[in-house]
Every structure is written in structure tokens, then in C-alpha cells.
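Trainee: Provided herewith is a single structure, encoded as C-alpha cells, for subsequent inquiry.
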Amino acid sequence: MITGAGKGIGASTAMKFAEEGAVVELCDVDVASGNRTTESIRNAGGKASFTETDVTDERSVASWVNEVIDRNGRIDVLFNNAGISAVGRIDEIDRDTWDRVMSVNLTGVYLMCKHVLPIMMNQRKGSVINMSSSVAELGLLRRAAYAATKGAILSMTKSMQVDYAPYNIRINALLPGTIFTPFVQDYLRRSYKRDIDSAIGELKKRQLADSLGDPEDVAWAAVYLASDESKYVMGTGLIVDGGTTCGKPF
Ligand SMILES: NC(=O)c1ccc[n+]([C@@H]2O[C@H](COP(=O)([O-])OP(=O)(O)OC[C@H]3O[C@@H](n4cnc5c(N)ncnc54)[C@H](O)[C@@H]3O)[C@@H](O)[C@H]2O)c1
């Protein structure tokens, strides 16, 4: 199950999982993009279904989980990917924006886990991947509200791992750097007044790699965390950030 799978990292991961032979269940609030990604997977010979689901709405989440169980009988992997951005200092972020970013980025993960984990506990097997961010590890200009959600996800992942290890369930987080997706394009539009190329140049100064990340860079990390190849990786945050958190070359 992949949340927010219509676009960006979620879409890329859905395609990668399908190529690896998974039966992929996608959800998104954006029906058009969810259907598009599902069609692409099917056209390439993969198995995928899309269900319109808002991760902030418990009834919507519960109904999607029931549908997935009816179709497949089990849930091996949950990738809590859906997320939104919030740009501004704390004194600039209004209460509605604060509540919305908490709701999608954090409560959405709670609700998905609440409904999927009992199934994985019965199976005595499962892998949960929670989408954090490299901003959980370092300060970034005008991102405090967003960073609060991603730091919380990383902490939550570690304590969840302690709770669910006895059920043979692994819980890990992903910490991407700047991945060029619609999410980042929106951030660039709202944060930089200049043309997109100079904005990308500014972003590249934060990292050691010479280009921004591709959604596939994160998708491969998700495939690894989902698979038994990562069976000894538990309660960790896997950083995929082109060296952003590593340091500066000067
Ligand atoms: N792109 C980056 O540089 C970057 C870096 C670090 C972390 N992340 C995280 O990765 C995740 C995906 O980011 P992306 O760049 O692919 O974003 P994106 O905006 O391209 O895609 C996110 C998808 O989530 C969906 N979504 C939003 N709210 C939803 C809801 N309530 N219920 C279900 N689906 C919902 C959107 O419709 C969209 O299709 C986010 O959690 C983001 O915080 C992104």
C-alpha cells in the first residue's frame, strides 16, 4: 500500500514496486493522477489498483484497508508517503496551515498505521516505511512547521519499532533531500521569485551531489526497506539526500 501514490516519489515507488513483482495498492486525494499512475503500471504489465483515499479521514482510511484486504487477503508493505509542504517562519504560518500540515504529514501516518498494523500483527510479518525528510536532521529556512512533522515521524518510527518488533514487523523511515517532484516545484514557485534554473542552483548548494535527487533514488530505497534484503534494518532513518546532511565541501 502506498499513500500519495499519484505523483512524485509515491508514483515512482509504485512503478518500481510493480516492476519488482508486487501487487501495488495506490491511494491519493488526486484521482486523476492516481488513475494515471495505475494505468501506466498496468500498461507496463504490472498489477495495481487505485482507491481515492484521504489519509486524514479515518473512515476513508478504514474503507481502503478493507478493500485491500478483500482484494489481496494480506498486506506486506505499507509506505506512508503522502505529505504536503508548509513554507514560512512560525510567526508567518497561520493556524489552518499548521493544522493541515500536522494532519496530513503526521496524523495521516498514525491513521494508516492504526488500521494496517493489526493485520500485519496477525500475519506476524510486515514492513512499514514512514516518509520523514532530511529536515528532521538539520535546520532549513522557513520550514519549522513542516520540519516538526518530519522530526516527529522519525521519533515515532523508532518507538513504533520497539512496539512491533515482537510481531516480526519492521518500521523504518526515509529521509530524502531535495527530490525534483511537483512538491519541490510548488516550493520553488512559492519561495523563490527568480527563474526556476537559478532556484535549482540555490538548492544544489545545500548538497554534495551535482544534481537534485530523482524520485527513483527514493523509490529504490523504499524497495530495499520493503524487501527481506533489509531484514536486519529496524527503526532506522535511511538518508537519501545527495550529501545534504553530511557537510559542506569547504
Ligand atoms: N520532494 C522532496 O524533495 C521531498 C524531500 C523529503 C521528503 N519528501 C516527502 O516525500 C513525500 C512525497 O513527496 P513528493 O515530493 O513526491 O510530493 P508530491 O506533492 O509530488 O506528491 C505527494 C502526493 O500526496 C498526495 N496527497 C496529499 N495529501 C494527501 C492526503 N491527505 N491523502 C492522500 N494523498 C495525499 C498528493 O495529491 C500527491 O499526489 C512527502 O511526504 C514529502 O514530505 C519530499
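So you can find residues: chains in the C-alpha cells are A, B, ... in the order shown, residues in each start at 1, and ligands are numbered from 1 in order.
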List all protein, DNA and RNA residues that have any atom at most 8 Å from ligand 1, counting only C-alpha atoms and all ligand atoms, and write the list as a PyMOL selection string.

Mentor: chain A and resi 3-11+27-30+33-34+52-57+80-85+103-105+108+131-135+146+150+174-184+213+215

Trainee: Could you please take those selected residues and save C-alpha atoms as a PDB file, in the first residue's frame?

Mentor:
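Okay, this is what ended up in out-v3.pdb:
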ATOM      1  CA  THR A   3      -0.223   6.635   0.085  1.00  0.00           C
ATOM      2  CA  GLY A   4       0.048   9.738  -2.081  1.00  0.00           C
ATOM      3  CA  ALA A   5       0.964   7.467  -4.994  1.00  0.00           C
ATOM      4  CA  GLY A   6      -0.461   9.624  -7.786  1.00  0.00           C
ATOM      5  CA  LYS A   7       2.579  11.834  -8.248  1.00  0.00           C
ATOM      6  CA  GLY A   8       6.226  12.306  -7.361  1.00  0.00           C
ATOM      7  CA  ILE A   9       8.020   9.840  -5.105  1.00  0.00           C
ATOM      8  CA  GLY A  10       4.862   7.806  -4.415  1.00  0.00           C
ATOM      9  CA  ALA A  11       4.165   7.306  -8.136  1.00  0.00           C
ATOM     10  CA  CYS A  27      -4.190   5.849  -2.853  1.00  0.00           C
ATOM     11  CA  ASP A  28      -4.322   9.610  -3.326  1.00  0.00           C
ATOM     12  CA  VAL A  29      -6.726  12.507  -2.957  1.00  0.00           C
ATOM     13  CA  ASP A  30      -5.894  13.463  -6.553  1.00  0.00           C
ATOM     14  CA  SER A  33      -3.051  11.405 -11.090  1.00  0.00           C
ATOM     15  CA  GLY A  34      -3.836   8.215  -9.141  1.00  0.00           C
ATOM     16  CA  GLU A  52      -9.392   7.547  -3.732  1.00  0.00           C
ATOM     17  CA  THR A  53      -8.427   7.968  -0.072  1.00  0.00           C
ATOM     18  CA  ASP A  54      -7.675  10.930   2.172  1.00  0.00           C
ATOM     19  CA  VAL A  55      -5.194   9.811   4.837  1.00  0.00           C
ATOM     20  CA  THR A  56      -6.555  12.433   7.263  1.00  0.00           C
ATOM     21  CA  ASP A  57     -10.027  10.879   7.195  1.00  0.00           C
ATOM     22  CA  ASN A  80       3.288   6.182   4.321  1.00  0.00           C
ATOM     23  CA  ASN A  81       4.410   8.617   1.648  1.00  0.00           C
ATOM     24  CA  ALA A  82       1.607  11.210   1.368  1.00  0.00           C
ATOM     25  CA  GLY A  83       2.710  14.627   2.527  1.00  0.00           C
ATOM     26  CA  ILE A  84       2.321  18.330   1.930  1.00  0.00           C
ATOM     27  CA  SER A  85       4.668  21.266   2.410  1.00  0.00           C
ATOM     28  CA  SER A 103      -2.950  16.425   9.862  1.00  0.00           C
ATOM     29  CA  VAL A 104      -1.646  15.138   6.512  1.00  0.00           C
ATOM     30  CA  ASN A 105       2.010  14.520   7.397  1.00  0.00           C
ATOM     31  CA  GLY A 108      -2.224  10.543   8.308  1.00  0.00           C
ATOM     32  CA  MET A 131       8.265   9.280   4.974  1.00  0.00           C
ATOM     33  CA  SER A 132      10.387  11.651   7.022  1.00  0.00           C
ATOM     34  CA  SER A 133      12.868  14.114   5.451  1.00  0.00           C
ATOM     35  CA  SER A 134      16.438  15.331   5.853  1.00  0.00           C
ATOM     36  CA  VAL A 135      14.885  18.394   7.565  1.00  0.00           C
ATOM     37  CA  TYR A 146       6.993  21.013   8.066  1.00  0.00           C
ATOM     38  CA  LYS A 150       9.132  15.093   9.781  1.00  0.00           C
ATOM     39  CA  LEU A 174      13.144   7.535   4.762  1.00  0.00           C
ATOM     40  CA  LEU A 175      14.907  10.906   4.882  1.00  0.00           C
ATOM     41  CA  PRO A 176      15.185  12.306   1.364  1.00  0.00           C
ATOM     42  CA  GLY A 177      16.981  15.521   0.486  1.00  0.00           C
ATOM     43  CA  THR A 178      15.731  17.650  -2.397  1.00  0.00           C
ATOM     44  CA  ILE A 179      13.972  15.385  -4.872  1.00  0.00           C
ATOM     45  CA  PHE A 180      12.698  17.056  -8.013  1.00  0.00           C
ATOM     46  CA  THR A 181       8.928  16.389  -7.855  1.00  0.00           C
ATOM     47  CA  PRO A 182       5.723  18.508  -8.150  1.00  0.00           C
ATOM     48  CA  PHE A 183       6.113  19.080  -4.376  1.00  0.00           C
ATOM     49  CA  VAL A 184       9.501  20.783  -4.860  1.00  0.00           C
ATOM     50  CA  GLY A 213      17.516  13.799  -6.471  1.00  0.00           C
ATOM     51  CA  PRO A 215      12.065  10.214  -7.395  1.00  0.00           C
TER      52      PRO A 215
END

Trainee: If we count only C-alpha atoms and set the cut-off at 9 Å, which residues sit around Val68 (chain A), ignoring sequence neighbours fewer than 6 positions away in its own chain? Please answer as a list of chain:residue names.

Mentor: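 Neighbouring residues, sequence-local ones excluded: A:Met1, A:Glu25, A:Ser49, A:Arg74, A:Ile75.
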
Trainee: Would you list the contacts of Trp98 (chain A) as a PDB file with N, CA and C atoms, in the first residue's frame, taking every protein, DNA or RNA residue within 9 Å and counting only C-alpha atoms, but skipping same-chain residues closer than 6 positions in sequence?

Mentor:
ATOM      1  N   ALA A  86       4.753  23.144   3.918  1.00  0.00           N
ATOM      2  CA  ALA A  86       4.281  24.384   4.544  1.00  0.00           C
ATOM      3  C   ALA A  86       5.499  25.284   4.625  1.00  0.00           C
ATOM      4  N   ILE A  90       7.503  30.441  11.914  1.00  0.00           N
ATOM      5  CA  ILE A  90       6.381  30.162  12.809  1.00  0.00           C
ATOM      6  C   ILE A  90       5.456  31.383  12.941  1.00  0.00           C
ATOM      7  N   ALA A 145       7.325  24.328  10.616  1.00  0.00           N
ATOM      8  CA  ALA A 145       6.108  23.521  10.778  1.00  0.00           C
ATOM      9  C   ALA A 145       6.270  22.173  10.069  1.00  0.00           C
ATOM     10  N   TYR A 146       6.749  22.237   8.835  1.00  0.00           N
ATOM     11  CA  TYR A 146       6.993  21.013   8.066  1.00  0.00           C
ATOM     12  C   TYR A 146       8.027  20.137   8.783  1.00  0.00           C
TER      13      TYR A 146
END

Trainee: Near Ala209 (chain A), within 10 Å and counting only C-alpha atoms, which residues show up once chain neighbours fewer than 4 positions away are dropped, as a CSV table (one decimal) with C-alpha atoms, in the first residue's frame?

Mentor:
chain,number,residue,atom,x,y,z
A,204,LYS,CA,22.1,22.4,-5.2
A,205,LYS,CA,24.4,24.5,-2.9
A,213,GLY,CA,17.5,13.8,-6.5
A,241,ASP,CA,20.0,13.2,0.3
A,242,GLY,CA,23.0,13.6,-2.1
A,243,GLY,CA,25.1,14.5,1.0
A,244,THR,CA,22.9,17.3,2.3

Trainee: For region 39-42 of chain A, work out the shell of residues within 7 Å, counting only C-alpha atoms and skipping chain neighbours fewer than 5 positions away, then give it as a list in words.

Mentor: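 Surrounding residues, per the criterion: Met15, Ala18, Lys47 and Ala48 of chain A.
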
Trainee: Compare A:Ser127, A:Asn35, A:Tyr110, A:Asp163 by their minimum atom-to-atom distance to Glu229 (chain A), counting only C-alpha atoms, and give me the closest one.

Mentor: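 The answer is A:Ser127, which sits nearest to Glu229 (chain A).
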
Trainee: Can you list, as a ChimeraX atom specification, all residues belonging to region 131-230 of chain A that DSSP tags as strand (DSSP E)?

Mentor: /A:131,169-176

Trainee: Name all residues at most 8 Å from region 111-120 of chain A (count only C-alpha atoms; drop same-chain ones fewer than 4 positions away) and give them as a list in words.

Mentor: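 Those residues are Val55, Thr56, Glu58, Val61, Ala62, Val65, Arg74, Ile75, Asp76, Leu78, Asn80, Thr107, Arg124, Lys125, Gly126, Tyr167 and Ile169 of chain A.
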
Trainee: Grab the residues selected above and save them as a compact mmCIF listing (two decimals), in the first residue's frame with all heavy atoms.

Mentor:
# COMPACT_ATOMS: atom_id res chain seq x y z
N VAL A 55 -5.80 10.43 3.65
CA VAL A 55 -5.19 9.81 4.84
C VAL A 55 -5.56 10.53 6.14
O VAL A 55 -5.32 10.00 7.22
CB VAL A 55 -3.65 9.71 4.72
CG1 VAL A 55 -3.26 8.77 3.58
CG2 VAL A 55 -2.99 11.07 4.58
N THR A 56 -6.15 11.72 6.04
CA THR A 56 -6.55 12.43 7.26
C THR A 56 -7.96 12.04 7.72
O THR A 56 -8.41 12.49 8.77
CB THR A 56 -6.54 13.97 7.05
OG1 THR A 56 -7.59 14.33 6.14
CG2 THR A 56 -5.21 14.45 6.51
N GLU A 58 -10.37 9.12 8.86
CA GLU A 58 -10.27 7.74 9.35
C GLU A 58 -11.23 6.79 8.63
O GLU A 58 -10.88 5.64 8.37
CB GLU A 58 -10.50 7.70 10.88
CG GLU A 58 -10.27 6.30 11.43
CD GLU A 58 -9.95 6.25 12.91
OE1 GLU A 58 -10.07 7.28 13.59
OE2 GLU A 58 -9.57 5.15 13.38
N VAL A 61 -9.68 5.92 5.32
CA VAL A 61 -8.54 5.02 5.53
C VAL A 61 -9.04 3.59 5.81
O VAL A 61 -8.58 2.62 5.20
CB VAL A 61 -7.67 5.54 6.71
CG1 VAL A 61 -6.69 4.47 7.20
CG2 VAL A 61 -6.91 6.80 6.29
N ALA A 62 -10.00 3.47 6.74
CA ALA A 62 -10.51 2.15 7.13
C ALA A 62 -11.13 1.45 5.92
O ALA A 62 -10.94 0.24 5.71
CB ALA A 62 -11.53 2.30 8.26
N VAL A 65 -8.37 0.17 3.56
CA VAL A 65 -7.70 -1.02 4.12
C VAL A 65 -8.60 -2.25 3.93
O VAL A 65 -8.13 -3.32 3.52
CB VAL A 65 -7.33 -0.80 5.61
CG1 VAL A 65 -6.81 -2.09 6.24
CG2 VAL A 65 -6.29 0.32 5.74
N ARG A 74 -3.99 -10.00 2.32
CA ARG A 74 -2.87 -9.67 3.20
C ARG A 74 -2.26 -8.32 2.81
O ARG A 74 -2.50 -7.82 1.71
CB ARG A 74 -1.81 -10.76 3.16
CG ARG A 74 -1.24 -11.05 1.78
CD ARG A 74 -0.23 -12.19 1.82
NE ARG A 74 0.95 -11.83 2.57
CZ ARG A 74 1.32 -12.43 3.71
NH1 ARG A 74 0.61 -13.43 4.21
NH2 ARG A 74 2.41 -12.06 4.34
N ILE A 75 -1.47 -7.78 3.73
CA ILE A 75 -0.74 -6.53 3.44
C ILE A 75 0.71 -6.74 3.89
O ILE A 75 0.98 -6.91 5.08
CB ILE A 75 -1.35 -5.32 4.20
CG1 ILE A 75 -2.82 -5.10 3.77
CG2 ILE A 75 -0.52 -4.06 3.95
CD1 ILE A 75 -3.58 -4.12 4.65
N ASP A 76 1.61 -6.75 2.94
CA ASP A 76 3.02 -7.00 3.26
C ASP A 76 3.77 -5.71 3.57
O ASP A 76 4.67 -5.71 4.41
CB ASP A 76 3.70 -7.70 2.08
CG ASP A 76 3.09 -9.06 1.82
OD1 ASP A 76 2.88 -9.81 2.80
OD2 ASP A 76 2.78 -9.37 0.65
N LEU A 78 3.52 -1.29 3.90
CA LEU A 78 2.81 0.00 3.93
C LEU A 78 3.84 1.10 3.79
O LEU A 78 4.75 1.21 4.62
CB LEU A 78 2.05 0.16 5.26
CG LEU A 78 1.52 1.57 5.56
CD1 LEU A 78 0.47 1.99 4.53
CD2 LEU A 78 0.92 1.62 6.97
N ASN A 80 3.97 4.93 3.97
CA ASN A 80 3.29 6.18 4.32
C ASN A 80 4.03 7.34 3.69
O ASN A 80 4.89 7.96 4.30
CB ASN A 80 3.26 6.34 5.85
CG ASN A 80 2.26 5.42 6.49
OD1 ASN A 80 1.09 5.40 6.10
ND2 ASN A 80 2.70 4.64 7.46
N THR A 107 -0.79 12.94 11.39
CA THR A 107 -2.00 12.18 11.74
C THR A 107 -2.31 11.15 10.65
O THR A 107 -2.77 10.05 10.95
CB THR A 107 -3.19 13.14 11.95
OG1 THR A 107 -2.79 14.16 12.85
CG2 THR A 107 -4.39 12.41 12.50
N ARG A 124 2.02 -11.82 11.46
CA ARG A 124 3.37 -11.94 12.05
C ARG A 124 4.43 -11.61 11.02
O ARG A 124 5.51 -12.19 10.99
CB ARG A 124 3.61 -13.36 12.60
CG ARG A 124 2.69 -13.74 13.72
CD ARG A 124 3.36 -13.55 15.05
NE ARG A 124 2.36 -13.38 16.11
CZ ARG A 124 2.65 -13.06 17.35
NH1 ARG A 124 3.90 -12.86 17.71
NH2 ARG A 124 1.71 -12.92 18.24
N LYS A 125 4.14 -10.62 10.19
CA LYS A 125 5.12 -10.15 9.20
C LYS A 125 4.63 -8.85 8.58
O LYS A 125 3.44 -8.68 8.34
CB LYS A 125 5.32 -11.20 8.09
CG LYS A 125 6.48 -10.88 7.17
CD LYS A 125 6.87 -12.09 6.33
CE LYS A 125 7.84 -11.77 5.21
NZ LYS A 125 9.13 -11.24 5.63
N GLY A 126 5.59 -7.97 8.32
CA GLY A 126 5.25 -6.73 7.62
C GLY A 126 6.40 -5.75 7.64
O GLY A 126 7.32 -5.85 8.45
N TYR A 167 6.26 -8.75 16.79
CA TYR A 167 5.34 -9.30 15.77
C TYR A 167 6.03 -9.49 14.42
O TYR A 167 5.36 -9.68 13.39
CB TYR A 167 4.13 -8.37 15.61
CG TYR A 167 3.32 -8.25 16.87
CD1 TYR A 167 3.58 -7.23 17.79
CD2 TYR A 167 2.33 -9.19 17.18
CE1 TYR A 167 2.86 -7.12 18.97
CE2 TYR A 167 1.61 -9.09 18.36
CZ TYR A 167 1.88 -8.06 19.25
OH TYR A 167 1.17 -7.96 20.42
N ILE A 169 7.49 -7.29 12.66
CA ILE A 169 7.17 -6.15 11.77
C ILE A 169 8.32 -5.15 11.89
O ILE A 169 8.73 -4.80 13.00
CB ILE A 169 5.84 -5.48 12.19
CG1 ILE A 169 4.68 -6.47 12.07
CG2 ILE A 169 5.59 -4.23 11.34
CD1 ILE A 169 3.39 -5.98 12.72

Trainee: Find the distance between CA of Ser227 (chain A) and CA of Trp64 (chain A) and write it in Å to one decimal.

Mentor: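 Going from CA of Ser227 (chain A) over to CA of Trp64 (chain A) covers 23.0 Å.
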
Trainee: From the options A:Tyr232, A:Val128, A:Val162, A:Thr149, which residue's atoms come nearest to Asp99 (chain A), counting only C-alpha atoms?

Mentor: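 For Asp99 (chain A), the nearest of the candidates is A:Thr149.
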
Trainee: In Å, rounded to a single decimal, give me how far CA of Thr51 (chain A) is from CA of Asp70 (chain A).

Mentor: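 According to the coordinates, CA of Asp70 (chain A) and CA of Thr51 (chain A) are separated by 13.0 Å.
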
Trainee: Would you please extract all alpha helix (DSSP H) residues from region 180-216 of chain A, as assigned by DSSP on the backbone, and give them as a list in words?

Mentor: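 Result set for region 180-216 of chain A (alpha helix (DSSP H)): Pro182, Phe183, Val184, Gln185, Asp186, Tyr187, Leu188, Arg189, Arg190, Ser191, Ile196, Asp197, Ser198, Ala199, Ile200, Gly201, Glu202, Leu203, Lys204, Pro215 and Glu216 of chain A.
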
Trainee: Only N, CA and C atoms, please: the residues just picked out, written as a PDB file, in the first residue's frame.

Mentor:
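Generated file (result-v1.pdb):
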ATOM      1  N   PRO A 182       6.685  17.396  -8.188  1.00  0.00           N
ATOM      2  CA  PRO A 182       5.723  18.508  -8.150  1.00  0.00           C
ATOM      3  C   PRO A 182       5.748  19.243  -6.806  1.00  0.00           C
ATOM      4  N   PHE A 183       6.021  18.523  -5.725  1.00  0.00           N
ATOM      5  CA  PHE A 183       6.113  19.080  -4.376  1.00  0.00           C
ATOM      6  C   PHE A 183       7.207  20.156  -4.305  1.00  0.00           C
ATOM      7  N   VAL A 184       8.371  19.841  -4.874  1.00  0.00           N
ATOM      8  CA  VAL A 184       9.501  20.783  -4.860  1.00  0.00           C
ATOM      9  C   VAL A 184       9.252  21.928  -5.845  1.00  0.00           C
ATOM     10  N   GLN A 185       8.625  21.619  -6.974  1.00  0.00           N
ATOM     11  CA  GLN A 185       8.292  22.690  -7.932  1.00  0.00           C
ATOM     12  C   GLN A 185       7.372  23.718  -7.266  1.00  0.00           C
ATOM     13  N   ASP A 186       6.418  23.237  -6.473  1.00  0.00           N
ATOM     14  CA  ASP A 186       5.497  24.126  -5.758  1.00  0.00           C
ATOM     15  C   ASP A 186       6.265  24.972  -4.739  1.00  0.00           C
ATOM     16  N   TYR A 187       7.186  24.315  -4.030  1.00  0.00           N
ATOM     17  CA  TYR A 187       8.014  25.013  -3.045  1.00  0.00           C
ATOM     18  C   TYR A 187       8.845  26.108  -3.728  1.00  0.00           C
ATOM     19  N   LEU A 188       9.423  25.766  -4.899  1.00  0.00           N
ATOM     20  CA  LEU A 188      10.243  26.743  -5.629  1.00  0.00           C
ATOM     21  C   LEU A 188       9.407  27.938  -6.066  1.00  0.00           C
ATOM     22  N   ARG A 189       8.211  27.639  -6.560  1.00  0.00           N
ATOM     23  CA  ARG A 189       7.319  28.722  -7.007  1.00  0.00           C
ATOM     24  C   ARG A 189       6.993  29.678  -5.866  1.00  0.00           C
ATOM     25  N   ARG A 190       6.777  29.089  -4.659  1.00  0.00           N
ATOM     26  CA  ARG A 190       6.353  29.923  -3.533  1.00  0.00           C
ATOM     27  C   ARG A 190       7.517  30.607  -2.810  1.00  0.00           C
ATOM     28  N   SER A 191       8.718  30.028  -2.915  1.00  0.00           N
ATOM     29  CA  SER A 191       9.834  30.533  -2.115  1.00  0.00           C
ATOM     30  C   SER A 191      10.803  31.411  -2.886  1.00  0.00           C
ATOM     31  N   ILE A 196      13.307  29.391 -12.432  1.00  0.00           N
ATOM     32  CA  ILE A 196      13.438  28.070 -11.797  1.00  0.00           C
ATOM     33  C   ILE A 196      14.877  27.552 -11.834  1.00  0.00           C
ATOM     34  N   ASP A 197      15.626  27.872 -12.920  1.00  0.00           N
ATOM     35  CA  ASP A 197      17.002  27.372 -13.019  1.00  0.00           C
ATOM     36  C   ASP A 197      17.902  27.951 -11.931  1.00  0.00           C
ATOM     37  N   SER A 198      17.757  29.254 -11.664  1.00  0.00           N
ATOM     38  CA  SER A 198      18.612  29.818 -10.605  1.00  0.00           C
ATOM     39  C   SER A 198      18.155  29.308  -9.239  1.00  0.00           C
ATOM     40  N   ALA A 199      16.862  29.031  -9.095  1.00  0.00           N
ATOM     41  CA  ALA A 199      16.369  28.463  -7.830  1.00  0.00           C
ATOM     42  C   ALA A 199      16.959  27.068  -7.617  1.00  0.00           C
ATOM     43  N   ILE A 200      17.008  26.282  -8.682  1.00  0.00           N
ATOM     44  CA  ILE A 200      17.603  24.938  -8.578  1.00  0.00           C
ATOM     45  C   ILE A 200      19.086  25.054  -8.222  1.00  0.00           C
ATOM     46  N   GLY A 201      19.756  26.034  -8.815  1.00  0.00           N
ATOM     47  CA  GLY A 201      21.171  26.291  -8.496  1.00  0.00           C
ATOM     48  C   GLY A 201      21.352  26.566  -7.010  1.00  0.00           C
ATOM     49  N   GLU A 202      20.438  27.345  -6.428  1.00  0.00           N
ATOM     50  CA  GLU A 202      20.495  27.637  -4.988  1.00  0.00           C
ATOM     51  C   GLU A 202      20.329  26.351  -4.168  1.00  0.00           C
ATOM     52  N   LEU A 203      19.371  25.526  -4.573  1.00  0.00           N
ATOM     53  CA  LEU A 203      19.115  24.277  -3.837  1.00  0.00           C
ATOM     54  C   LEU A 203      20.321  23.343  -3.893  1.00  0.00           C
ATOM     55  N   LYS A 204      20.984  23.314  -5.046  1.00  0.00           N
ATOM     56  CA  LYS A 204      22.138  22.414  -5.204  1.00  0.00           C
ATOM     57  C   LYS A 204      23.282  22.781  -4.266  1.00  0.00           C
ATOM     58  N   PRO A 215      12.975  11.057  -8.178  1.00  0.00           N
ATOM     59  CA  PRO A 215      12.065  10.214  -7.395  1.00  0.00           C
ATOM     60  C   PRO A 215      12.538   8.752  -7.324  1.00  0.00           C
ATOM     61  N   GLU A 216      13.194   8.288  -8.408  1.00  0.00           N
ATOM     62  CA  GLU A 216      13.670   6.891  -8.431  1.00  0.00           C
ATOM     63  C   GLU A 216      14.726   6.640  -7.362  1.00  0.00           C
TER      64      GLU A 216
END

Trainee: Given the choices A:Gly237, A:Gly45, A:Gly73, A:Gly247, which gets closest to Asn172 (chain A) if the distance is worked out from only C-alpha atoms?

Mentor: A:Gly237

Trainee: For Met102 (chain A), which of A:Leu208, A:Phe79, A:Ala144, A:Glu19 is the closest residue, counting only C-alpha atoms?

Mentor: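 Checking each candidate against Met102 (chain A), we get A:Ala144 as the closest.
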